[in-house]
$ cat start35.csv   # CSV, C-alpha atoms and all ligand atoms
chain,number,residue,atom,x,y,z
A,21,MET,CA,72.7,82.0,77.2
A,22,THR,CA,73.1,83.1,73.5
A,23,GLU,CA,76.1,82.3,71.4
A,24,ASP,CA,77.4,85.8,71.8
A,25,LEU,CA,77.3,85.5,75.6
A,26,ARG,CA,79.6,82.4,75.3
A,27,SER,CA,82.1,84.4,73.2
A,28,LEU,CA,84.8,84.1,75.9
A,29,ALA,CA,84.3,80.4,76.7
A,30,ASN,CA,87.7,78.8,77.4
A,31,ARG,CA,89.3,82.1,78.0
A,32,ARG,CA,91.2,82.7,81.3
A,33,ALA,CA,91.2,86.2,82.7
A,34,LEU,CA,92.7,88.1,85.6
A,35,VAL,CA,91.2,91.3,86.9
A,36,THR,CA,92.9,93.5,89.5
A,37,GLY,CA,90.9,95.6,91.9
A,38,ALA,CA,88.0,93.2,91.3
A,39,ALA,CA,86.5,93.2,94.8
A,40,ARG,CA,84.0,96.0,94.0
A,41,GLY,CA,83.1,98.7,91.6
A,42,ILE,CA,84.2,98.6,87.9
A,43,GLY,CA,86.6,95.7,88.5
A,44,ALA,CA,83.9,93.5,90.0
A,45,ALA,CA,81.6,94.4,87.1
A,46,ILE,CA,84.3,93.5,84.6
A,47,ALA,CA,84.9,90.2,86.4
A,48,ALA,CA,81.2,89.4,86.3
A,49,GLU,CA,80.8,90.3,82.6
A,50,LEU,CA,83.9,88.2,81.7
A,51,ALA,CA,82.4,85.3,83.6
A,52,ARG,CA,78.9,85.8,82.1
A,53,ARG,CA,80.5,85.4,78.7
A,54,GLY,CA,82.1,82.1,79.7
A,55,ALA,CA,85.6,83.1,80.9
A,56,ALA,CA,87.2,81.6,84.0
A,57,VAL,CA,88.3,84.6,86.1
A,58,LEU,CA,90.9,85.2,88.9
A,59,LEU,CA,89.7,88.2,90.9
A,60,VAL,CA,92.6,90.0,92.6
A,61,ASP,CA,92.3,92.7,95.3
A,62,ILE,CA,94.0,94.0,98.4
A,63,ASP,CA,90.7,94.0,100.3
A,64,GLY,CA,90.4,90.3,101.4
A,65,PRO,CA,86.9,90.3,103.0
A,66,GLU,CA,85.3,92.2,100.1
A,67,LEU,CA,87.1,90.1,97.5
A,68,ASP,CA,85.8,86.9,99.1
A,69,ALA,CA,82.3,88.2,99.3
A,70,THR,CA,82.3,89.2,95.6
A,71,THR,CA,83.9,86.0,94.5
A,72,ASP,CA,81.5,83.9,96.6
A,73,SER,CA,78.5,85.8,95.2
A,74,LEU,CA,79.7,85.3,91.5
A,75,SER,CA,80.4,81.6,92.2
A,76,ARG,CA,76.9,81.1,93.7
A,77,GLY,CA,75.6,82.5,90.4
A,78,GLY,CA,77.4,79.7,88.5
A,79,ALA,CA,80.5,81.7,87.5
A,80,ARG,CA,84.0,80.0,87.3
A,81,VAL,CA,85.8,82.4,89.6
A,82,HIS,CA,88.8,82.3,92.0
A,83,ALA,CA,90.1,84.9,94.5
A,84,PHE,CA,93.6,86.0,95.1
A,85,ARG,CA,94.2,88.5,97.9
A,86,GLY,CA,97.2,90.6,96.8
A,87,ASP,CA,98.7,94.0,96.5
A,88,VAL,CA,99.5,95.0,92.9
A,89,THR,CA,102.4,97.1,94.0
A,90,ALA,CA,104.2,94.2,95.7
A,91,GLU,CA,106.6,92.4,93.4
A,92,ALA,CA,106.6,89.1,95.3
A,93,GLU,CA,102.8,89.1,95.2
A,94,LEU,CA,102.7,89.6,91.5
A,95,ALA,CA,104.9,86.5,91.0
A,96,GLU,CA,102.6,84.6,93.3
A,97,MET,CA,99.6,85.9,91.3
A,98,ALA,CA,101.1,84.6,88.1
A,99,ARG,CA,101.7,81.2,89.8
A,100,THR,CA,98.1,81.2,91.0
A,101,ALA,CA,96.8,82.0,87.5
A,102,GLN,CA,98.7,79.1,86.1
A,103,ALA,CA,97.6,76.7,88.9
A,104,ARG,CA,93.9,77.7,89.0
A,105,LEU,CA,93.2,78.7,85.4
A,106,GLY,CA,95.9,76.8,83.6
A,107,GLY,CA,97.3,79.9,82.0
A,108,LEU,CA,96.1,83.4,81.1
A,109,ASP,CA,94.5,85.0,78.0
A,110,ILE,CA,93.2,88.3,79.4
A,111,LEU,CA,94.7,90.8,81.9
A,112,VAL,CA,92.6,93.8,83.1
A,113,ASN,CA,94.7,96.3,85.0
A,114,ASN,CA,91.9,98.1,87.0
A,115,ALA,CA,93.1,98.5,90.6
A,116,ALA,CA,93.6,102.1,91.6
A,117,ILE,CA,93.0,104.6,94.4
A,118,LEU,CA,91.5,108.1,94.3
A,119,ASP,CA,93.6,111.1,95.1
A,120,ALA,CA,92.4,114.7,95.2
A,121,THR,CA,95.2,116.3,97.1
A,122,PRO,CA,95.7,120.0,96.2
A,123,LEU,CA,99.3,120.9,95.1
A,124,ASP,CA,100.1,122.9,98.3
A,125,ALA,CA,99.3,119.8,100.4
A,126,LEU,CA,100.8,117.2,98.0
A,127,THR,CA,103.9,115.5,99.4
A,128,ARG,CA,106.5,113.6,97.5
A,129,SER,CA,105.6,110.4,99.3
A,130,ARG,CA,101.9,110.7,98.6
A,131,TYR,CA,102.6,111.5,94.9
A,132,ALA,CA,104.9,108.5,94.7
A,133,GLU,CA,102.3,106.2,96.3
A,134,VAL,CA,99.7,107.3,93.8
A,135,GLN,CA,102.1,106.7,90.8
A,136,GLU,CA,103.0,103.3,92.2
A,137,ILE,CA,99.4,102.0,92.5
A,138,ASN,CA,97.7,103.9,89.7
A,139,GLN,CA,100.4,103.8,87.0
A,140,ASN,CA,103.5,101.7,87.7
A,141,ALA,CA,101.5,98.6,89.0
A,142,ALA,CA,99.8,98.3,85.5
A,143,LEU,CA,103.3,97.9,83.9
A,144,TRP,CA,104.7,95.5,86.5
A,145,THR,CA,101.6,93.4,86.5
A,146,ALA,CA,101.7,93.2,82.7
A,147,LYS,CA,105.4,92.2,82.9
A,148,ALA,CA,104.7,89.5,85.6
A,149,MET,CA,101.9,88.0,83.5
A,150,LEU,CA,103.7,88.2,80.2
A,151,PRO,CA,105.1,84.6,80.2
A,152,LEU,CA,101.5,83.4,80.5
A,153,LEU,CA,100.0,85.8,78.1
A,154,ALA,CA,102.7,85.2,75.4
A,155,ALA,CA,101.7,81.5,75.5
A,156,SER,CA,98.1,82.4,74.6
A,157,PRO,CA,96.9,82.7,71.0
A,158,HIS,CA,94.2,85.2,72.3
A,159,ALA,CA,96.3,87.5,74.5
A,160,ARG,CA,94.7,90.8,75.6
A,161,ILE,CA,95.7,93.5,78.1
A,162,VAL,CA,93.1,96.1,79.0
A,163,ASN,CA,94.2,99.1,81.1
A,164,ILE,CA,91.5,101.0,82.9
A,165,ALA,CA,92.7,104.7,83.0
A,166,SER,CA,90.3,107.6,83.3
A,167,ILE,CA,89.0,110.7,81.5
A,168,LEU,CA,91.6,112.3,83.9
A,169,GLY,CA,94.3,110.6,81.8
A,170,ILE,CA,93.5,113.0,78.9
A,171,ARG,CA,92.1,116.0,80.8
A,172,GLY,CA,92.9,117.9,84.0
A,173,THR,CA,90.6,119.2,86.7
A,174,THR,CA,91.2,121.0,90.1
A,175,ASP,CA,93.2,119.0,92.7
A,176,SER,CA,93.8,116.1,90.3
A,177,LEU,CA,97.6,116.3,89.8
A,178,ALA,CA,98.8,113.0,91.3
A,179,TYR,CA,95.8,111.0,89.9
A,180,ALA,CA,95.7,112.7,86.5
A,181,ILE,CA,99.5,112.4,85.9
A,182,ALA,CA,99.3,108.6,86.8
A,183,LYS,CA,96.3,108.1,84.5
A,184,GLY,CA,98.0,110.0,81.7
A,185,GLY,CA,100.9,107.6,82.1
A,186,VAL,CA,98.6,104.6,81.8
A,187,VAL,CA,97.2,106.1,78.5
A,188,ASN,CA,100.6,106.4,76.9
A,189,MET,CA,101.9,103.2,78.5
A,190,THR,CA,99.1,101.5,76.6
A,191,ARG,CA,100.5,102.7,73.3
A,192,ALA,CA,104.1,101.9,74.1
A,193,LEU,CA,103.3,98.5,75.5
A,194,ALA,CA,101.1,97.7,72.4
A,195,VAL,CA,104.0,98.3,70.1
A,196,ASP,CA,106.4,96.3,72.3
A,197,LEU,CA,104.1,93.3,72.7
A,198,ALA,CA,102.7,93.2,69.2
A,199,PRO,CA,105.4,90.7,68.1
A,200,LYS,CA,104.3,88.4,70.9
A,201,GLY,CA,100.7,88.6,69.7
A,202,VAL,CA,99.5,90.5,72.8
A,203,LEU,CA,97.0,93.3,72.0
A,204,VAL,CA,97.0,96.2,74.5
A,205,ASN,CA,94.2,98.7,74.8
A,206,CYS,CA,92.8,101.2,77.3
A,207,ILE,CA,89.4,102.3,78.6
A,208,CYS,CA,88.9,105.8,80.0
A,209,PRO,CA,85.8,105.9,82.1
A,210,GLY,CA,84.1,109.3,82.9
A,211,PHE,CA,81.9,109.6,86.0
A,212,VAL,CA,81.0,106.1,87.3
A,213,ASP,CA,78.8,105.2,90.2
A,214,THR,CA,81.2,103.4,92.5
A,215,ARG,CA,82.7,104.0,96.0
A,216,MET,CA,85.5,106.0,94.4
A,217,ALA,CA,82.9,108.7,93.6
A,218,ILE,CA,82.3,109.2,97.3
A,219,LEU,CA,83.9,112.5,98.3
A,220,PRO,CA,87.0,112.1,100.5
A,221,ASP,CA,85.9,114.9,102.8
A,222,GLY,CA,82.9,112.8,103.9
A,223,SER,CA,80.3,115.1,102.4
A,224,GLY,CA,78.7,112.4,100.4
A,225,HIS,CA,78.6,111.1,96.8
A,226,GLU,CA,79.9,113.5,94.2
A,227,HIS,CA,77.0,112.7,91.8
A,228,GLU,CA,74.6,114.0,94.5
A,229,ALA,CA,76.4,117.3,95.0
A,230,ASP,CA,74.7,120.5,93.8
A,231,TRP,CA,77.7,121.5,91.6
A,232,PHE,CA,77.6,118.1,89.9
A,233,ARG,CA,73.9,118.2,89.3
A,234,ASP,CA,74.1,121.7,87.9
A,235,VAL,CA,77.3,121.6,85.7
A,236,TYR,CA,77.2,118.0,84.5
A,237,ILE,CA,73.5,117.1,84.4
A,238,LYS,CA,71.4,120.4,84.2
A,239,TYR,CA,73.8,122.2,81.8
A,240,GLY,CA,74.9,119.0,80.0
A,241,ARG,CA,78.6,118.9,80.5
A,242,ILE,CA,77.9,115.2,80.3
A,243,PRO,CA,75.9,115.2,77.0
A,244,LEU,CA,74.2,111.9,78.1
A,245,ARG,CA,73.3,113.7,81.4
A,246,ARG,CA,74.0,110.9,83.9
A,247,PRO,CA,76.9,109.1,85.4
A,248,ALA,CA,77.4,105.4,84.4
A,249,PRO,CA,76.8,102.3,86.4
A,250,PRO,CA,80.0,100.1,86.5
A,251,GLU,CA,78.2,97.6,84.3
A,252,GLU,CA,78.3,100.0,81.3
A,253,ILE,CA,82.1,100.4,81.6
A,254,ALA,CA,82.4,96.6,81.9
A,255,ARG,CA,80.4,96.0,78.7
A,256,ALA,CA,82.5,98.5,76.7
A,257,THR,CA,85.6,96.7,78.0
A,258,MET,CA,84.5,93.4,76.5
A,259,PHE,CA,85.3,94.4,73.0
A,260,PHE,CA,89.0,94.7,73.8
A,261,CYS,CA,88.9,91.3,75.6
A,262,GLY,CA,87.5,89.2,72.8
A,263,ASP,CA,88.0,88.0,69.2
A,264,ASP,CA,86.2,90.9,67.6
A,265,CYS,CA,89.2,92.9,68.7
A,266,SER,CA,91.8,91.3,66.4
A,267,TYR,CA,93.3,94.3,64.5
A,268,VAL,CA,93.0,97.0,67.2
A,269,THR,CA,95.9,97.7,69.6
A,270,GLY,CA,97.3,100.7,71.4
A,271,GLN,CA,93.9,102.4,71.4
A,272,ILE,CA,92.1,104.5,73.9
A,273,LEU,CA,88.3,104.3,74.2
A,274,LEU,CA,86.6,107.0,76.2
A,275,VAL,CA,83.5,105.7,77.9
A,276,ASP,CA,82.4,109.0,79.3
A,277,GLY,CA,78.8,109.9,78.2
A,278,GLY,CA,80.3,112.4,75.8
A,279,ILE,CA,82.2,114.7,78.2
A,280,SER,CA,85.3,114.7,76.1
A,281,ALA,CA,83.3,115.6,73.0
A,282,THR,CA,82.3,119.0,74.5
A,283,PHE,CA,84.1,121.9,76.2
B,1,LIG,N1,84.5,105.6,89.6
B,1,LIG,C1,84.9,106.5,88.7
B,1,LIG,O1,84.2,107.5,88.5
B,1,LIG,C2,86.1,106.2,87.8
B,1,LIG,C3,86.3,107.1,86.8
B,1,LIG,C4,87.4,107.0,85.9
B,1,LIG,C5,88.2,105.9,86.1
B,1,LIG,N2,88.0,105.1,87.2
B,1,LIG,C6,89.0,104.0,87.3
B,1,LIG,O2,88.3,102.7,87.3
B,1,LIG,C7,89.1,101.8,88.1
B,1,LIG,C8,88.1,101.2,89.1
B,1,LIG,O3,87.7,102.2,90.0
B,1,LIG,P1,86.4,102.0,90.9
B,1,LIG,O4,85.6,103.3,90.7
B,1,LIG,O5,85.7,100.7,90.7
B,1,LIG,O6,87.1,102.2,92.3
B,1,LIG,P2,86.8,101.4,93.7
B,1,LIG,O7,87.6,102.2,94.7
B,1,LIG,O8,85.4,101.1,93.9
B,1,LIG,O9,87.6,100.0,93.4
B,1,LIG,C9,89.0,99.9,93.3
B,1,LIG,C10,89.5,98.5,93.8
B,1,LIG,O10,90.9,98.5,93.7
B,1,LIG,C11,91.4,97.8,94.9
B,1,LIG,N3,92.8,98.2,95.1
B,1,LIG,C12,93.3,99.4,95.4
B,1,LIG,N4,94.6,99.4,95.6
B,1,LIG,C13,95.0,98.1,95.3
B,1,LIG,C14,96.2,97.4,95.4
B,1,LIG,N5,97.3,98.1,95.7
B,1,LIG,N6,96.3,96.1,95.0
B,1,LIG,C15,95.1,95.4,94.7
B,1,LIG,N7,93.9,96.0,94.7
B,1,LIG,C16,93.8,97.4,95.0
B,1,LIG,C17,90.5,98.3,96.0
B,1,LIG,O11,90.5,97.5,97.1
B,1,LIG,C18,89.1,98.3,95.3
B,1,LIG,O12,88.5,97.1,95.4
B,1,LIG,C19,90.2,102.6,88.7
B,1,LIG,O13,91.4,102.4,87.9
B,1,LIG,C20,89.8,104.0,88.6
B,1,LIG,O14,90.9,104.9,88.6
B,1,LIG,C21,87.0,105.2,88.0

$ encode --input "start35.csv" --output "structure tokens" --more "lines below"
Ligand SMILES: NC(=O)c1ccc[n+]([C@@H]2O[C@H](COP(=O)([O-])OP(=O)(O)OC[C@H]3O[C@@H](n4cnc5c(N)ncnc54)[C@H](O)[C@@H]3O)[C@@H](O)[C@H]2O)c1
Amino acid sequence: MTEDLRSLANRRALVTGAARGIGAAIAAELARRGAAVLLVDIDGPELDATTDSLSRGGARVHAFRGDVTAEAELAEMARTAQARLGGLDILVNNAAILDATPLDALTRSRYAEVQEINQNAALWTAKAMLPLLAASPHARIVNIASILGIRGTTDSLAYAIAKGGVVNMTRALAVDLAPKGVLVNCICPGFVDTRMAILPDGSGHEHEADWFRDVYIKYGRIPLRRPAPPEEIARATMFFCGDDCSYVTGQILLVDGGISATF
């Protein structure tokens, strides 16, 4: 392992939504760079499988099955971070659900549920972890939003509004937490190859659909002409987690293959 890959040795990290997809890739990358990681997810069996597999590879990882929208579970999560990791340096707010409900079918309760998981939980998780983070000389929060936090698309209202909230929450939280030495930044992924990209109507993976291949690949709406594997999002996230990020806070990094650079 090179020096660079040990750059997060002695750091303690918590990643929400870490059982699979982007969260699992971020947990793996943090561990690969030497951090001890608490993986948090609502899906117990998948969380255990991911944690076991990282642990067999030599990573210092622990699992916590919990719901980021449940206040009591956030308090328990903080106690577990203290007990298992001895504190916390890095929080990655990644857990979310997909929603593609058209406006005419969108109910207040579904809208509220999406805001609770995809937006509000990032704030309450940060608040619950703050006593631990404020005690760290290397405290970092990274929020995983989305390209849909800065753009809209059809049938994206509940999800896009929540992600837009996470984008601006990042700026407001960065200002509030600067005196405590906590740097807060945000990653907006574009199209990423995870289970979230499987179409809710059961018709398959969106990246395999004709419209996606035509618009985004053939005609280059994604200038790099491909979706990203979750590992590429994870590697971009590492800058915000480590010491190279010492004078950057409240910033939004789009990791989208260039979609947002075109129109
Ligand atoms: N996949 C994409 O194309 C894409 C694009 C832009 C942004 N994102 C964002 O990246 C992040 C990760 O998405 P992904 O593609 O890996 O999705 P995913 O569905 O594969 O993983 C999300 C994880 O979050 C967990 N989770 C959901 N609700 C939870 C809760 N209440 N408490 C704890 N855990 C919970 C799920 O169990 C799952 O393991 C999300 O914030 C998502 O909005 C994804």

$ residues_around --input "start35.csv" --residues "Glu91 of chain A" --least-positions-apart "2" --cutoff "12 Å" --atoms "all atoms listed in the file" --output "PyMOL selection string"
chain A and resi 86-89+93-98+136+140-149

$ residues_near_ligand --input "start35.csv" --ligand "ligand LIG 1 (chain B)" --cutoff "7 Å" --atoms "only C-alpha atoms and all ligand atoms" --output "short mmCIF file (atom, residue, chain, number, x, y, z; two decimals) with C-alpha atoms, in the frame of the given file"
data_model
loop_
_atom_site.label_atom_id
_atom_site.label_comp_id
_atom_site.auth_asym_id
_atom_site.auth_seq_id
_atom_site.Cartn_x
_atom_site.Cartn_y
_atom_site.Cartn_z
CA THR A 36 92.90 93.50 89.50
CA GLY A 37 90.90 95.60 91.90
CA ALA A 38 88.00 93.20 91.30
CA ALA A 39 86.50 93.20 94.80
CA ARG A 40 84.00 96.00 94.00
CA GLY A 41 83.10 98.70 91.60
CA ILE A 42 84.20 98.60 87.90
CA GLY A 43 86.60 95.70 88.50
CA VAL A 60 92.60 90.00 92.60
CA ASP A 61 92.30 92.70 95.30
CA ILE A 62 94.00 94.00 98.40
CA ASP A 63 90.70 94.00 100.30
CA GLY A 86 97.20 90.60 96.80
CA ASP A 87 98.70 94.00 96.50
CA VAL A 88 99.50 95.00 92.90
CA THR A 89 102.40 97.10 94.00
CA ASN A 114 91.90 98.10 87.00
CA ALA A 115 93.10 98.50 90.60
CA ALA A 116 93.60 102.10 91.60
CA ILE A 117 93.00 104.60 94.40
CA LEU A 118 91.50 108.10 94.30
CA ILE A 137 99.40 102.00 92.50
CA ASN A 138 97.70 103.90 89.70
CA ILE A 164 91.50 101.00 82.90
CA ALA A 165 92.70 104.70 83.00
CA SER A 166 90.30 107.60 83.30
CA ILE A 167 89.00 110.70 81.50
CA CYS A 208 88.90 105.80 80.00
CA PRO A 209 85.80 105.90 82.10
CA GLY A 210 84.10 109.30 82.90
CA PHE A 211 81.90 109.60 86.00
CA VAL A 212 81.00 106.10 87.30
CA ASP A 213 78.80 105.20 90.20
CA THR A 214 81.20 103.40 92.50
CA ARG A 215 82.70 104.00 96.00
CA MET A 216 85.50 106.00 94.40
CA ALA A 217 82.90 108.70 93.60
#

$ atom_distance --input "start35.csv" --atom1 "atom CA of Thr127 of chain A" --atom2 "atom CA of Tyr179 of chain A"
13.3 Å

$ closest_residue --input "start35.csv" --among "A:Lys200, A:Arg52, A:Arg255, A:Arg32" --to "Asp109 of chain A" --atoms "all atoms listed in the file"
A:Arg32

$ residues_around --input "start35.csv" --residues "segment 193-198 of chain A" --least-positions-apart "5" --cutoff "7 Å" --atoms "only C-alpha atoms" --output "VMD selection string"
chain A and resid 203 to 204 269 to 270

$ residues_around --input "start35.csv" --residues "Leu28 of chain A" --least-positions-apart "3" --cutoff "9 Å" --atoms "all atoms listed in the file" --output "CSV table (one decimal) with C-alpha atoms, keeping the file's coordinate frame"
chain,number,residue,atom,x,y,z
A,24,ASP,CA,77.4,85.8,71.8
A,25,LEU,CA,77.3,85.5,75.6
A,31,ARG,CA,89.3,82.1,78.0
A,32,ARG,CA,91.2,82.7,81.3
A,50,LEU,CA,83.9,88.2,81.7
A,51,ALA,CA,82.4,85.3,83.6
A,52,ARG,CA,78.9,85.8,82.1
A,53,ARG,CA,80.5,85.4,78.7
A,54,GLY,CA,82.1,82.1,79.7
A,55,ALA,CA,85.6,83.1,80.9
A,56,ALA,CA,87.2,81.6,84.0
A,261,CYS,CA,88.9,91.3,75.6
A,262,GLY,CA,87.5,89.2,72.8
A,263,ASP,CA,88.0,88.0,69.2

$ atom_distance --input "start35.csv" --atom1 "atom CA of Asn188 of chain A" --atom2 "atom CA of Gly172 of chain A"
15.6 Å

$ closest_residue --input "start35.csv" --among "A:Met258, A:Ile279, A:Ile272, A:Ile237" --to "Ile110 of chain A" --atoms "all atoms listed in the file"
A:Met258

$ closest_residue --input "start35.csv" --among "A:Pro220, A:Pro151, A:Gly77, A:Gly107" --to "Ala33 of chain A" --atoms "all atoms listed in the file"
A:Gly107

$ closest_residue --input "start35.csv" --among "A:Ala120, A:Arg76, A:Asn205, A:Tyr131" --to "Thr173 of chain A" --atoms "all atoms listed in the file"
A:Ala120

$ closest_residue --input "start35.csv" --among "A:Ala281, A:Arg246, A:Asp119, A:Gly201" --to "Ile218 of chain A" --atoms "only C-alpha atoms"
A:Asp119
